[in-house]
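Read through the structure below, which is laid out as structure tokens, and then see the notes.
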Amino acid sequence: MRTHGRAFKYFYCEVSDMKKAASAFLRMEICHADITRMIRWMRNPNVTKYLNEAPDVAQSLEQLVRSVPEPMYQYHLCRTGHFFMVCHQENERVGFVKLLPTAMEGAYKIVYVIGVDALWGHGLGQQAVRSALSKAFLHLCADRVVAKVMPQNLRSIRCVRACGFQQMAEMPRLVRFEITFDAYCQ
């Protein structure tokens, strides 16, 4: 595994402009209240309409709460990759990010959700993605990160483009975006 000379483990990003200010950071710790929030988000059709999650994801999270002790939540959510809660301001959980390894060596797929729809359009998605890119490239030594976005999800397309992703392919149901380590460093 290449390290690209990366030794950073700090994943906080902040962005400000004249109209809005947003800051978000990622947390690995998952508690019962976080799972409860995710269940609520996964039941909100405005949140899930652009997700490729299984339709029964809320029920799966409820089953997790019933059958797994709280200290094991993080383990269960990270079985297929890396899972983080997106936090805003005073540690308020507002979404989540998943980094999932792909079949291509050194590549990760990013899935991100801002579950509090009242906060959409305030830059938190971009901050979450930028923090996750830091994690992927500087800690996991990824060579590339891929995002697959539904073409109707214009807000998410703007988000990944603002974070440096380039469109690689357009399929009927998804647009594939990618950012490499070299592009991230520029």
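For the structure tokens, the naming scheme is as follows: chains receive sequential letters (A, B, ...) according to their order of presentation, residues are indexed from 1 within each chain, and ligands are indexed from 1 in presentation order.
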Near stretch 44-52 of chain A, within 7 Å and counting only C-alpha atoms, which residues show up once chain neighbours fewer than 6 positions away are dropped, as a compact mmCIF listing (two decimals) with N, CA and C atoms, in the first residue's frame?
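Listing of part-v5.txt after writing:
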```
# COMPACT_ATOMS: atom_id res chain seq x y z
N GLY A 115 -29.09 14.39 6.61
CA GLY A 115 -30.43 13.91 6.93
C GLY A 115 -31.38 14.98 7.41
N MET A 150 -27.48 10.15 -8.84
CA MET A 150 -28.61 10.13 -9.76
C MET A 150 -28.65 11.46 -10.52
N ASN A 153 -30.44 14.49 -9.11
CA ASN A 153 -29.98 15.05 -7.85
C ASN A 153 -28.99 16.18 -8.11
```
Which residues in stretch 48-155 of chain A does DSSP call strand (DSSP E)? List them as an NGL selection string. :A and (82-88 or 92-101 or 107-114 or 144-149)
Excluding same-chain residues fewer than 5 positions from A:Lys98, what lies within 12 Å of it counting only C-alpha atoms, as a PyMOL selection string? chain A and resi 26-28+53+74+77-86+108-113+128-129+131-133+135-136+145-147
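Taking only C-alpha atoms, the non-local environment of stretch 54-63 of chain A within 10 Å (same-chain residues fewer than 4 positions away omitted) comprises Ile35, Thr36, Met38, Ile39, Arg40, Trp41, Met42, Arg43, Thr48, Ser67, Val68, Tyr73 and Leu77 of chain A.
The space separating atom CA of A:Arg37 from atom CA of A:Cys163 comes to 26.3 Å.
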